[in-house]
$ cat protein-v6.cif   # mmCIF, C-alpha atoms
data_start
#
loop_
_atom_site.label_atom_id
_atom_site.label_comp_id
_atom_site.auth_asym_id
_atom_site.auth_seq_id
_atom_site.Cartn_x
_atom_site.Cartn_y
_atom_site.Cartn_z
CA MET A 737 -61.58 42.86 19.16
CA SER A 738 -58.68 44.63 20.82
CA ASP A 739 -60.02 43.43 24.19
CA LEU A 740 -59.03 39.92 23.15
CA VAL A 741 -55.38 40.72 22.53
CA ILE A 742 -52.72 39.47 24.88
CA ARG A 743 -49.57 41.49 25.41
CA LEU A 744 -46.48 39.64 26.57
CA GLU A 745 -43.44 41.49 27.91
CA MET A 746 -40.47 39.24 27.35
CA THR A 747 -38.15 41.17 29.66
CA SER A 748 -40.60 41.42 32.55
CA PRO A 749 -39.59 39.60 35.75
CA THR A 750 -43.10 38.13 35.84
CA PRO A 751 -43.00 34.67 34.27
CA HIS A 752 -44.56 34.48 30.83
CA TYR A 753 -47.13 31.89 31.87
CA GLU A 754 -48.25 34.15 34.72
CA GLN A 755 -48.61 37.12 32.38
CA LEU A 756 -50.77 34.95 30.15
CA ARG A 757 -52.86 33.63 33.05
CA VAL A 758 -53.50 37.08 34.51
CA GLN A 759 -54.61 38.57 31.17
CA ILE A 760 -56.83 35.66 30.18
CA ALA A 761 -58.36 35.61 33.67
CA ALA A 762 -59.08 39.34 33.32
CA MET A 763 -60.79 38.71 29.97
CA ILE A 764 -62.93 36.02 31.55
CA HIS A 765 -63.88 38.15 34.56
CA SER A 766 -64.71 41.14 32.39
CA GLY A 767 -66.94 39.01 30.16
CA ALA A 768 -64.82 39.50 27.03
CA LEU A 769 -64.37 35.73 27.01
CA ARG A 770 -67.68 34.03 27.70
CA PRO A 771 -68.30 30.67 29.33
CA GLY A 772 -67.99 27.85 26.82
CA GLU A 773 -65.79 29.90 24.49
CA ARG A 774 -62.76 28.06 23.17
CA LEU A 775 -59.25 29.30 23.82
CA PRO A 776 -56.65 28.87 21.07
CA THR A 777 -54.67 25.65 21.15
CA ALA A 778 -51.48 25.92 23.17
CA ARG A 779 -49.42 25.43 20.03
CA ALA A 780 -51.27 28.10 18.04
CA LEU A 781 -51.00 30.73 20.79
CA ALA A 782 -47.36 29.80 21.39
CA ASN A 783 -46.61 30.16 17.67
CA ASP A 784 -48.33 33.53 17.57
CA LEU A 785 -46.30 34.79 20.53
CA GLY A 786 -43.04 33.11 19.52
CA ILE A 787 -42.76 31.19 22.80
CA ALA A 788 -42.70 27.53 23.81
CA ALA A 789 -46.01 25.64 23.77
CA GLY A 790 -45.26 24.41 27.30
CA THR A 791 -45.49 27.98 28.59
CA VAL A 792 -49.04 28.34 27.27
CA THR A 793 -49.92 24.89 28.57
CA GLN A 794 -48.72 25.94 32.03
CA ALA A 795 -50.87 29.07 31.89
CA TYR A 796 -53.91 27.02 30.85
CA ARG A 797 -53.22 24.54 33.63
CA ASN A 798 -53.15 27.35 36.17
CA LEU A 799 -56.38 28.78 34.79
CA GLU A 800 -57.89 25.35 35.20
CA ALA A 801 -56.63 25.11 38.76
CA GLY A 802 -58.29 28.47 39.43
CA GLY A 803 -61.59 27.14 38.12
CA LEU A 804 -61.63 29.48 35.13
CA ALA A 805 -61.02 27.02 32.31
CA LEU A 806 -61.59 23.41 31.49
CA THR A 807 -59.51 21.27 29.16
CA ARG A 808 -61.29 18.51 27.29
CA ARG A 809 -59.66 16.01 25.01
CA ARG A 810 -61.82 16.77 21.98
CA THR A 811 -62.69 20.44 22.32
CA GLY A 812 -59.46 21.76 23.81
CA THR A 813 -59.43 24.41 26.52
CA VAL A 814 -62.69 26.27 27.05
CA VAL A 815 -63.81 28.97 29.45
CA ARG A 816 -65.57 27.27 32.31
CA ALA A 817 -69.21 27.99 32.92
CA GLY A 818 -70.34 28.49 36.46
CA GLU A 819 -70.24 30.74 39.46
CA THR A 820 -66.46 30.83 39.69
CA THR A 821 -66.10 32.67 36.39
CA SER A 822 -68.65 35.38 36.98
CA VAL A 823 -67.47 38.12 39.28
CA ASP A 824 -70.23 40.07 40.91
CA LYS A 825 -71.03 42.95 38.59
CA SER A 826 -71.03 45.49 41.39
CA ILE A 827 -67.51 44.46 42.45
CA LEU A 828 -66.31 44.77 38.86
CA ALA A 829 -67.92 48.19 38.61
CA ASP A 830 -66.26 49.23 41.89
CA ALA A 831 -62.89 48.05 40.59
CA ARG A 832 -63.34 50.05 37.40
CA LEU A 833 -64.26 53.16 39.39
CA LEU A 834 -61.15 52.67 41.53
CA VAL A 835 -58.93 52.35 38.44
CA GLU A 836 -60.51 55.44 36.85
CA ALA A 837 -60.02 57.45 40.01
CA ALA A 838 -56.41 56.34 40.36
CA ARG A 839 -55.67 57.23 36.73
CA ARG A 840 -57.30 60.61 37.20
CA ASP A 841 -54.90 61.15 40.12
CA GLY A 842 -52.01 60.47 37.76
CA LEU A 843 -51.09 56.97 38.90
CA SER A 844 -49.65 54.58 36.37
CA ASP A 845 -51.14 51.09 35.81
CA GLY A 846 -48.09 49.61 37.54
CA GLN A 847 -48.68 51.77 40.60
CA ILE A 848 -52.36 50.83 40.65
CA ARG A 849 -51.37 47.17 40.58
CA ASP A 850 -48.93 47.75 43.47
CA ILE A 851 -51.72 49.36 45.49
CA MET A 852 -54.03 46.43 44.79
CA HIS A 853 -51.30 43.98 45.76
CA ALA A 854 -50.74 45.94 48.96
CA ALA A 855 -54.46 45.78 49.71
CA LEU A 856 -54.43 42.04 49.09
CA LEU A 857 -51.62 41.63 51.61
CA ASN A 858 -53.95 42.72 54.43
CA PRO A 859 -55.38 39.80 56.37
CA THR A 860 -58.92 39.04 55.32
CA PRO A 861 -61.32 40.34 57.92
CA ASP A 862 -63.84 37.92 59.29
CA VAL A 863 -67.00 38.20 57.33
CA GLY A 864 -69.86 37.80 59.68
CA PRO A 865 -73.43 38.88 59.84
CA PHE A 866 -73.97 42.58 59.41
CA GLU A 867 -73.59 44.31 62.67
CA MET B 429 -29.04 11.72 -15.30
CA LEU B 430 -28.15 15.37 -15.96
CA ILE B 431 -31.87 16.19 -16.07
CA ALA B 432 -32.41 14.62 -12.64
CA LEU B 433 -29.39 16.47 -11.24
CA GLY B 434 -30.80 19.72 -12.62
CA GLY B 435 -34.10 18.94 -10.88
CA ILE B 436 -32.35 18.23 -7.59
CA ALA B 437 -30.43 21.51 -7.93
CA MET B 438 -33.71 23.40 -8.39
CA ILE B 439 -35.17 21.78 -5.27
CA VAL B 440 -32.05 22.71 -3.29
CA VAL B 441 -32.33 26.34 -4.47
CA ALA B 442 -36.01 26.35 -3.46
CA ALA B 443 -35.12 25.01 -0.01
CA ALA B 444 -32.40 27.66 0.36
CA LEU B 445 -34.91 30.38 -0.52
CA LEU B 446 -37.32 29.15 2.12
CA VAL B 447 -34.65 28.71 4.79
CA ARG B 448 -33.50 32.27 4.15
CA ASP B 449 -37.11 33.35 4.54
CA ARG B 450 -37.25 31.72 7.96
CA THR B 451 -34.62 34.13 9.24
CA GLY B 452 -36.43 36.94 7.45
CA VAL B 453 -37.79 40.26 8.00
CA LEU B 454 -40.98 40.52 9.88
CA ALA B 455 -39.58 41.05 13.33
CA GLY B 456 -39.76 44.73 13.94
CA GLY B 457 -40.11 45.43 10.23
CA ASP B 458 -42.93 46.40 7.92
CA SER B 459 -45.46 43.56 7.96
CA ALA B 460 -46.86 44.28 4.49
CA THR B 461 -43.37 44.08 2.98
CA GLY B 462 -42.66 40.94 4.96
CA VAL B 463 -45.87 39.26 3.82
CA ARG B 464 -45.18 40.18 0.21
CA ALA B 465 -41.58 38.94 0.41
CA HIS B 466 -42.68 35.67 1.97
CA ARG B 467 -45.36 35.16 -0.66
CA VAL B 468 -42.97 35.87 -3.56
CA ARG B 469 -40.31 33.56 -2.15
CA GLY B 470 -42.97 30.91 -1.56
CA ASP B 471 -44.27 31.19 -5.12
CA VAL B 472 -40.79 31.04 -6.65
CA ALA B 473 -39.86 28.11 -4.42
CA GLY B 474 -43.13 26.39 -5.38
CA VAL B 475 -42.46 26.67 -9.10
CA LEU B 476 -38.83 25.56 -8.65
CA CYS B 477 -39.92 22.58 -6.57
CA VAL B 478 -42.64 21.38 -8.93
CA VAL B 479 -40.45 21.80 -12.03
CA GLY B 480 -37.53 20.23 -10.16
CA GLY B 481 -39.75 17.31 -9.08
CA LEU B 482 -40.91 16.78 -12.65
CA LEU B 483 -37.30 16.84 -13.89
CA VAL B 484 -36.30 14.27 -11.27
CA ALA B 485 -39.26 12.09 -12.36
CA LEU B 486 -38.29 12.55 -16.01
CA GLY B 487 -34.69 11.62 -15.20
CA ALA B 488 -35.89 8.54 -13.34
CA VAL B 489 -38.12 7.53 -16.25
CA SER B 490 -35.32 7.97 -18.78
CA ARG B 491 -32.90 6.02 -16.56
CA PHE B 492 -35.12 3.21 -15.31
CA GLY B 493 -37.82 3.10 -17.98
CA TYR B 494 -41.54 3.48 -17.34
CA GLY B 495 -41.64 0.76 -14.71
CA ARG B 496 -44.37 -0.83 -16.87
CA GLY B 497 -46.63 2.13 -16.20
CA GLN B 498 -46.45 2.29 -12.41
CA LEU B 499 -44.22 5.36 -12.44
CA MET B 500 -46.62 7.10 -14.82
CA ALA B 501 -49.54 6.16 -12.57
CA ALA B 502 -47.73 7.60 -9.57
CA LEU B 503 -46.62 10.78 -11.38
CA PRO B 504 -49.60 12.93 -10.29
CA ALA B 505 -48.96 11.85 -6.73
CA LEU B 506 -45.29 12.79 -7.06
CA VAL B 507 -46.21 16.24 -8.36
CA GLY B 508 -48.84 16.57 -5.63
CA SER B 509 -46.27 15.60 -3.03
CA CYS B 510 -43.87 18.26 -4.35
CA LEU B 511 -46.66 20.84 -4.15
CA LEU B 512 -47.61 19.87 -0.61
CA ALA B 513 -43.96 19.86 0.45
CA VAL B 514 -43.64 23.44 -0.77
CA PHE B 515 -46.90 24.55 0.87
CA MET B 516 -45.82 22.87 4.09
CA THR B 517 -42.46 24.63 4.03
CA VAL B 518 -44.02 28.00 3.15
CA GLU B 519 -46.50 27.71 6.01
CA GLY B 520 -43.84 26.47 8.39
CA THR B 521 -41.50 29.35 7.66
CA TRP B 522 -43.69 32.37 8.38
CA PRO B 523 -41.51 34.60 10.55
CA ARG B 524 -42.40 34.54 14.23
CA GLN B 525 -42.50 37.53 16.53
CA ALA B 526 -39.12 38.21 18.08
CA GLY B 527 -39.41 41.61 19.79
CA PRO B 528 -39.37 42.34 23.53
CA VAL B 529 -43.12 43.01 23.53
CA ARG B 530 -45.38 40.58 21.70
CA THR B 531 -49.10 40.51 21.11
CA ALA B 532 -51.55 37.83 20.05
CA SER B 533 -55.28 37.32 19.86
CA VAL B 534 -56.89 34.73 22.13
CA ARG B 535 -59.60 34.07 19.60
CA ALA B 536 -59.48 30.36 18.69
CA ARG B 537 -59.12 29.59 14.99
CA ARG B 538 -61.27 26.78 13.60
CA LEU B 539 -61.26 24.82 10.38
CA ALA B 540 -64.62 26.42 9.51
CA ASP B 541 -62.93 29.86 9.63
CA LEU B 542 -60.86 28.89 6.59
CA ASP B 543 -64.04 28.80 4.51
CA VAL B 544 -62.90 26.05 2.14
CA GLY B 545 -65.94 23.78 2.22
CA PHE B 546 -66.32 23.74 -1.58
CA LEU B 547 -62.72 22.70 -2.21
CA ARG B 548 -62.82 20.14 0.61
CA GLY B 549 -65.92 18.71 -1.07
CA LEU B 550 -64.08 18.43 -4.39
CA VAL B 551 -61.09 16.76 -2.72
CA GLY B 552 -63.43 14.23 -1.09
CA LEU B 553 -65.35 13.69 -4.34
CA TRP B 554 -62.24 13.02 -6.44
CA ALA B 555 -60.71 10.78 -3.74
CA ALA B 556 -63.92 8.76 -3.46
CA GLY B 557 -64.12 8.60 -7.26
CA LEU B 558 -60.57 7.25 -7.45
CA VAL B 559 -61.33 4.57 -4.86
CA VAL B 560 -64.53 3.52 -6.62
CA ALA B 561 -62.96 3.62 -10.11
CA GLY B 562 -59.81 1.80 -8.92
CA ILE B 563 -61.84 -1.02 -7.36
CA ALA B 564 -64.28 -1.20 -10.29
CA PHE B 565 -61.56 -1.34 -12.97
CA ALA B 566 -59.55 -3.88 -10.95
CA THR B 567 -62.69 -6.03 -10.76
CA VAL B 568 -63.42 -5.72 -14.49
CA ALA B 569 -59.80 -6.31 -15.54
CA SER B 570 -58.76 -9.78 -16.56
CA GLY B 571 -55.18 -9.24 -15.46
CA PRO B 572 -53.02 -6.69 -13.69
CA ARG B 573 -52.74 -4.48 -16.79
CA GLN B 574 -55.31 -5.82 -19.21
CA ALA B 575 -59.00 -6.33 -19.90
CA SER B 576 -60.46 -8.95 -22.19
CA ARG B 577 -63.68 -10.03 -23.87
CA VAL B 578 -64.44 -13.60 -24.87
CA LEU B 579 -66.18 -13.86 -28.23
CA ASP B 580 -68.89 -16.36 -29.08
CA ASP B 581 -66.43 -18.52 -31.01
CA GLY B 582 -64.18 -18.80 -27.97
CA ARG B 583 -61.55 -16.33 -29.17
CA GLU B 584 -60.44 -13.68 -26.69
CA LEU B 585 -60.07 -9.95 -27.37
CA VAL B 586 -57.43 -8.41 -25.14
CA VAL B 587 -56.72 -4.75 -24.61
CA THR B 588 -53.76 -3.33 -22.75
CA PRO B 589 -52.91 -1.09 -20.98
CA PHE B 590 -56.00 -1.14 -18.77
CA PRO B 591 -56.11 0.34 -15.22
CA GLY B 592 -56.20 -2.92 -13.29
CA TRP B 593 -54.65 -3.24 -9.84
CA TRP B 594 -51.17 -2.80 -11.37
CA TYR B 595 -51.99 0.91 -11.85
CA GLY B 596 -54.81 1.17 -9.34
CA LEU B 597 -52.83 0.12 -6.29
CA PRO B 598 -50.13 2.83 -6.54
CA VAL B 599 -52.80 5.41 -7.31
CA LEU B 600 -54.87 4.43 -4.26
CA LEU B 601 -51.77 4.48 -2.07
CA ALA B 602 -50.95 7.93 -3.44
CA VAL B 603 -54.49 9.13 -2.63
CA ALA B 604 -54.12 7.99 0.97
CA VAL B 605 -50.73 9.70 1.29
CA LEU B 606 -51.92 12.94 -0.32
CA LEU B 607 -55.05 13.13 1.84
CA GLY B 608 -53.03 12.57 5.01
CA TRP B 609 -50.39 15.04 4.01
CA GLY B 610 -52.98 17.60 2.92
CA SER B 611 -54.71 17.48 6.30
CA VAL B 612 -51.35 18.02 8.02
CA VAL B 613 -50.71 21.13 5.88
CA ILE B 614 -54.21 22.51 6.60
CA ARG B 615 -53.59 22.01 10.32
CA LEU B 616 -50.28 23.83 9.91
CA ILE B 617 -52.08 26.75 8.26
CA LEU B 618 -54.37 27.03 11.29
CA THR B 619 -51.55 26.98 13.83
CA ARG B 620 -48.82 28.93 12.04
CA PRO B 621 -47.76 32.20 13.69
CA ALA B 622 -50.01 35.18 13.12
CA VAL B 623 -48.36 37.88 11.02
CA GLU B 624 -47.20 40.71 13.24
CA GLY B 625 -48.95 43.99 12.57
CA LEU B 626 -52.00 42.46 10.87
CA ASP B 627 -55.40 42.42 12.53
CA ASP B 628 -57.34 39.18 12.99
CA ASP B 629 -59.40 39.54 9.81
CA ARG B 630 -56.45 40.23 7.50
CA ASP B 631 -54.45 37.43 9.06
CA LEU B 632 -57.41 35.10 8.58
CA GLY B 633 -57.62 36.27 4.96
CA LEU B 634 -54.01 35.13 4.43
CA ARG B 635 -54.83 31.78 5.98
CA ARG B 636 -57.91 31.41 3.76
CA ALA B 637 -55.80 32.15 0.69
CA SER B 638 -53.19 29.59 1.74
CA ALA B 639 -55.81 26.92 2.45
CA GLY B 640 -57.48 27.68 -0.89
CA ARG B 641 -54.20 27.20 -2.73
CA VAL B 642 -53.40 23.95 -0.93
CA LEU B 643 -56.84 22.40 -1.43
CA GLY B 644 -57.13 23.83 -4.94
CA GLY B 645 -53.83 22.20 -5.93
CA LEU B 646 -54.70 18.97 -4.15
CA GLN B 647 -58.12 18.62 -5.79
CA LEU B 648 -56.53 19.40 -9.17
CA VAL B 649 -53.98 16.60 -8.74
CA LEU B 650 -56.65 14.14 -7.56
CA GLY B 651 -59.08 15.24 -10.28
CA LEU B 652 -56.50 14.81 -13.04
CA SER B 653 -55.57 11.39 -11.64
CA LEU B 654 -59.24 10.37 -11.67
CA ALA B 655 -59.69 11.71 -15.20
CA ALA B 656 -56.64 9.78 -16.43
CA MET B 657 -57.95 6.59 -14.84
CA LEU B 658 -61.45 7.07 -16.29
CA ALA B 659 -60.05 7.90 -19.73
CA ALA B 660 -57.74 4.87 -19.75
CA GLY B 661 -60.51 2.55 -18.55
CA GLY B 662 -63.06 4.05 -20.94
CA ARG B 663 -60.68 3.71 -23.86
CA GLY B 664 -60.05 0.05 -23.03
CA LEU B 665 -63.76 -0.77 -22.76
CA ARG B 666 -64.53 1.11 -25.97
CA ILE B 667 -61.86 -0.79 -27.91
CA LEU B 668 -63.19 -4.10 -26.59
CA GLY B 669 -66.76 -3.08 -27.44
CA GLN B 670 -65.79 -2.18 -31.00
CA GLY B 671 -64.53 -5.70 -31.45
CA GLU B 672 -60.92 -4.69 -31.72
CA GLY B 673 -58.05 -6.04 -29.70
CA GLY B 674 -55.75 -8.96 -29.91
CA THR B 675 -54.22 -12.00 -28.31
CA GLY B 676 -50.60 -11.22 -27.81
CA SER B 677 -49.25 -9.76 -31.04
CA ILE B 678 -52.10 -11.17 -33.16
CA ALA B 679 -54.89 -8.74 -33.99
CA VAL B 680 -58.39 -10.13 -33.54
CA ALA B 681 -61.63 -8.65 -34.80
CA GLY B 682 -65.08 -9.40 -33.43
CA PRO B 683 -68.65 -8.11 -33.44
CA VAL B 684 -69.49 -4.74 -31.97
CA GLU B 685 -70.91 -4.76 -28.45
CA PRO B 686 -72.91 -1.50 -28.12
CA GLY B 687 -73.12 -1.68 -24.33
CA LEU B 688 -69.34 -1.73 -23.92
CA VAL B 689 -68.88 1.00 -26.54
CA GLY B 690 -71.45 3.17 -24.75
CA ALA B 691 -69.95 2.55 -21.30
CA GLY B 692 -66.45 3.32 -22.59
CA GLY B 693 -67.61 6.50 -24.30
CA ALA B 694 -69.49 7.61 -21.20
CA LEU B 695 -66.40 7.10 -19.06
CA MET B 696 -64.31 9.17 -21.50
CA VAL B 697 -66.88 11.97 -21.45
CA LEU B 698 -66.92 11.76 -17.65
CA ALA B 699 -63.13 12.11 -17.68
CA VAL B 700 -63.43 15.35 -19.68
CA VAL B 701 -66.07 16.65 -17.25
CA VAL B 702 -63.80 15.84 -14.29
CA VAL B 703 -60.89 17.71 -15.92
CA VAL B 704 -63.07 20.78 -16.55
CA VAL B 705 -64.51 20.80 -13.03
CA ALA B 706 -61.06 20.27 -11.45
CA VAL B 707 -59.48 23.09 -13.45
CA VAL B 708 -62.41 25.44 -12.79
CA GLY B 709 -62.37 24.40 -9.11
CA CYS B 710 -58.70 25.37 -8.97
CA VAL B 711 -58.91 28.65 -10.84
CA LEU B 712 -62.34 30.02 -9.86
CA PRO B 713 -61.85 30.29 -6.08
CA MET B 714 -58.52 32.06 -6.67
CA ALA B 715 -60.16 34.53 -9.04
CA LEU B 716 -63.06 35.11 -6.64
CA ARG B 717 -60.64 35.58 -3.76
CA ALA B 718 -58.66 38.10 -5.76
CA ALA B 719 -61.90 39.95 -6.58
CA VAL B 720 -62.96 40.28 -2.96
CA ALA B 721 -59.44 40.76 -1.58
CA GLY B 722 -59.37 43.16 1.28
CA ALA B 723 -63.02 42.78 2.16
CA PRO B 724 -63.08 41.14 5.59
CA ARG B 725 -65.61 38.38 6.05
CA PRO B 726 -67.07 37.21 9.35
CA ARG B 727 -65.69 34.20 11.10
CA ALA B 728 -67.77 31.05 11.18
CA ALA B 729 -68.28 31.55 14.91
CA ASP B 730 -69.48 35.14 14.41
CA ALA B 731 -71.83 34.17 11.62
CA ARG B 732 -73.79 31.83 13.84
#

$ encode --input "protein-v6.cif" --output "structure tokens"
Amino acid sequence: MSDLVIRLEMTSPTPHYEQLRVQIAAMIHSGALRPGERLPTARALANDLGIAAGTVTQAYRNLEAGGLALTRRRTGTVVRAGETTSVDKSILADARLLVEAARRDGLSDGQIRDIMHAALLNPTPDVGPFE
Amino acid sequence: MLIALGGIAMIVVAAALLVRDRTGVLAGGDSATGVRAHRVRGDVAGVLCVVGGLLVALGAVSRFGYGRGQLMAALPALVGSCLLAVFMTVEGTWPRQAGPVRTASVRARRLADLDVGFLRGLVGLWAAGLVVAGIAFATVASGPRQASRVLDDGRELVVTPFPGWWYGLPVLLAVAVLLGWGSVVIRLILTRPAVEGLDDDRDLGLRRASAGRVLGGLQLVLGLSLAAMLAAGGRGLRILGQGEGGTGSIAVAGPVEPGLVGAGGALMVLAVVVVVVAVVGCVLPMALRAAVAGAPRPRAADAR
């Protein structure tokens, strides 16, 4: 159950809604939250975290924009089913191996994130047919 | 007047207790102590509020009279409203997380997780019974507060008080208000902040206990209201069936009508049954919950 717990750092420079979005997105990609599963109402999650409901709503909206969630009037916000929510298992496995290796080398989670961000800054190479 | 003032003072003290609780202790403190403190304050405030509400009602009755029975008919609803007001305040004043690092589960809570189907059924049953009984008695009544039977010789037996629309209307209004208010409190129980330091199952256990107390109290109030209405109606029919009654201040006697006597007696027996079921329905779930306290049960979603 601990894999479904969100941790919010109030003093972090990262906006609260972005912290929420990143962690929920990670839960969806890892399969901890399955397609069709309901997320808590914005008010309930906001009450639990002691933050404004609008912050959670913003996070949900961003998840929706990223194709990871869907808000319906009657059922609330649910994890979206479809290709966009399922990361290729081999890529996920590679990412886990990378994190394990980095931790073995003594890097902190923050440093691992910095490295990933640095990698993401590289221009995407053209993906063509295998040569 | 002094009685009513005393009641108001008790309600103010209860409110002060709950407001103090709002600024209370959970943040960074021991969650078990915080939960216990909140519960104790909630219970004390609940008792103060209900007793205070009764005193205010008593003061109003002694000052303004019985309002020809309408105030008495609305008394259960007043007590129920006091109860729901306390539950609402207790649920709305659970301390929220306030530290620099906060955690929460992203598991959605559903009404089914509260596991209160039995009590919800009783609430629905008593409410439906009140609607049916209210309409039936208002139809049978020959006036707002009376029922009558015309004898073969043209004389009329009259019995009062009888739960015609004079009593039925405020009771039905009270049912609507209590049901609406009760659903708001249940919703509040689902969305109130999770208690810091408790895992999902223990937090859900607290919510189940709260919902059980709210619905238990609500069904008791509705059940007692229904029993009072059935008993009053049954008594009236029985008196008419026995050939007793009167026209104004003149007592009239007539032949016994076994059908009316039987119907009246059956309604009175039904009233006793409703009281027993309502009291058992209030006490039994609490006792069962106390017996299995600490044993986590699966969520409705997990059970499927």

$ closest_atom_pairs --input "protein-v6.cif" --of "chain A" --to "chain B" --cutoff "9 Å" --atoms "only C-alpha atoms" --output "JSON lines"
{"residue": "A:Met737", "atom": "CA", "partner": "B:Asp628", "partner_atom": "CA", "distance": 8.3}
{"residue": "A:Ser738", "atom": "CA", "partner": "B:Ser533", "partner_atom": "CA", "distance": 8.1}
{"residue": "A:Asp739", "atom": "CA", "partner": "B:Ser533", "partner_atom": "CA", "distance": 8.9}
{"residue": "A:Leu740", "atom": "CA", "partner": "B:Ser533", "partner_atom": "CA", "distance": 5.6}
{"residue": "A:Val741", "atom": "CA", "partner": "B:Ser533", "partner_atom": "CA", "distance": 4.3}
{"residue": "A:Ile742", "atom": "CA", "partner": "B:Ala532", "partner_atom": "CA", "distance": 5.2}
{"residue": "A:Arg743", "atom": "CA", "partner": "B:Thr531", "partner_atom": "CA", "distance": 4.4}
{"residue": "A:Leu744", "atom": "CA", "partner": "B:Arg530", "partner_atom": "CA", "distance": 5.1}
{"residue": "A:Glu745", "atom": "CA", "partner": "B:Val529", "partner_atom": "CA", "distance": 4.6}
{"residue": "A:Met746", "atom": "CA", "partner": "B:Pro528", "partner_atom": "CA", "distance": 5.0}
{"residue": "A:Thr747", "atom": "CA", "partner": "B:Pro528", "partner_atom": "CA", "distance": 6.4}
{"residue": "A:Ile760", "atom": "CA", "partner": "B:Val534", "partner_atom": "CA", "distance": 8.1}
{"residue": "A:Leu769", "atom": "CA", "partner": "B:Arg535", "partner_atom": "CA", "distance": 9.0}
{"residue": "A:Glu773", "atom": "CA", "partner": "B:Ala536", "partner_atom": "CA", "distance": 8.6}
{"residue": "A:Arg774", "atom": "CA", "partner": "B:Ala536", "partner_atom": "CA", "distance": 6.0}
{"residue": "A:Leu775", "atom": "CA", "partner": "B:Ala536", "partner_atom": "CA", "distance": 5.2}
{"residue": "A:Pro776", "atom": "CA", "partner": "B:Ala536", "partner_atom": "CA", "distance": 4.0}
{"residue": "A:Thr777", "atom": "CA", "partner": "B:Ala536", "partner_atom": "CA", "distance": 7.2}
{"residue": "A:Arg779", "atom": "CA", "partner": "B:Thr619", "partner_atom": "CA", "distance": 6.7}
{"residue": "A:Ala780", "atom": "CA", "partner": "B:Thr619", "partner_atom": "CA", "distance": 4.4}
{"residue": "A:Leu781", "atom": "CA", "partner": "B:Ala532", "partner_atom": "CA", "distance": 7.2}
{"residue": "A:Ala782", "atom": "CA", "partner": "B:Pro621", "partner_atom": "CA", "distance": 8.1}
{"residue": "A:Asn783", "atom": "CA", "partner": "B:Pro621", "partner_atom": "CA", "distance": 4.6}
{"residue": "A:Asp784", "atom": "CA", "partner": "B:Pro621", "partner_atom": "CA", "distance": 4.1}
{"residue": "A:Leu785", "atom": "CA", "partner": "B:Arg530", "partner_atom": "CA", "distance": 6.0}
{"residue": "A:Gly786", "atom": "CA", "partner": "B:Gln525", "partner_atom": "CA", "distance": 5.4}
{"residue": "A:Ile787", "atom": "CA", "partner": "B:Gln525", "partner_atom": "CA", "distance": 8.9}

$ resolve_selection --input "protein-v6.cif" --expression "the PyMOL selection byres ((chain B and resi 700) around 12)" --output "PyMOL selection string"
chain B and resi 651-660+662+693-699+701-707

$ resolve_selection --input "protein-v6.cif" --expression "the PyMOL selection byres ((chain B and resi 544-555) around 6)" --output "mmCIF file with C-alpha atoms, in the coordinates of the input"
data_model
loop_
_atom_site.group_PDB
_atom_site.id
_atom_site.type_symbol
_atom_site.label_atom_id
_atom_site.label_comp_id
_atom_site.auth_asym_id
_atom_site.auth_seq_id
_atom_site.Cartn_x
_atom_site.Cartn_y
_atom_site.Cartn_z
ATOM 1 C CA LEU B 542 -60.860 28.890 6.590
ATOM 2 C CA ASP B 543 -64.040 28.800 4.510
ATOM 3 C CA ALA B 556 -63.920 8.760 -3.460
ATOM 4 C CA GLY B 557 -64.120 8.600 -7.260
ATOM 5 C CA LEU B 558 -60.570 7.250 -7.450
ATOM 6 C CA LEU B 643 -56.840 22.400 -1.430
ATOM 7 C CA GLN B 647 -58.120 18.620 -5.790
ATOM 8 C CA LEU B 650 -56.650 14.140 -7.560
ATOM 9 C CA GLY B 651 -59.080 15.240 -10.280
#

$ atom_distance --input "protein-v6.cif" --atom1 "atom CA of Leu607 of chain B" --atom2 "atom CA of Leu632 of chain B"
23.1 Å

$ resolve_selection --input "protein-v6.cif" --expression "the PyMOL selection byres ((chain A and resi 804) around 8)" --output "list of chain:residue names"
A:Ala761, A:Ile764, A:Leu799, A:Glu800, A:Ala801, A:Gly802, A:Gly803, A:Ala805, A:Leu806, A:Val815, A:Arg816, A:Thr820, A:Thr821

$ closest_residue --input "protein-v6.cif" --among "A:His853, A:Ser844, A:Glu754, A:Lys825" --to "Ser766 of chain A" --atoms "only C-alpha atoms"
A:Lys825

$ closest_residue --input "protein-v6.cif" --among "A:Leu833, A:Ile851, A:Ala817, A:Val792" --to "Gly767 of chain A" --atoms "only C-alpha atoms"
A:Ala817

$ atom_distance --input "protein-v6.cif" --atom1 "atom CA of Leu486 of chain B" --atom2 "atom CA of Ile439 of chain B"
14.5 Å

$ closest_residue --input "protein-v6.cif" --among "B:Gly669, B:Gly690, B:Gly645, B:Gly562" --to "Leu512 of chain B" --atoms "only C-alpha atoms"
B:Gly645

$ atom_distance --input "protein-v6.cif" --atom1 "atom CA of Ala639 of chain B" --atom2 "atom CA of Leu606 of chain B"
14.8 Å

$ closest_residue --input "protein-v6.cif" --among "A:Ala795, A:Arg770, A:Ala778, A:Ala789" --to "Arg757 of chain A" --atoms "only C-alpha atoms"
A:Ala795
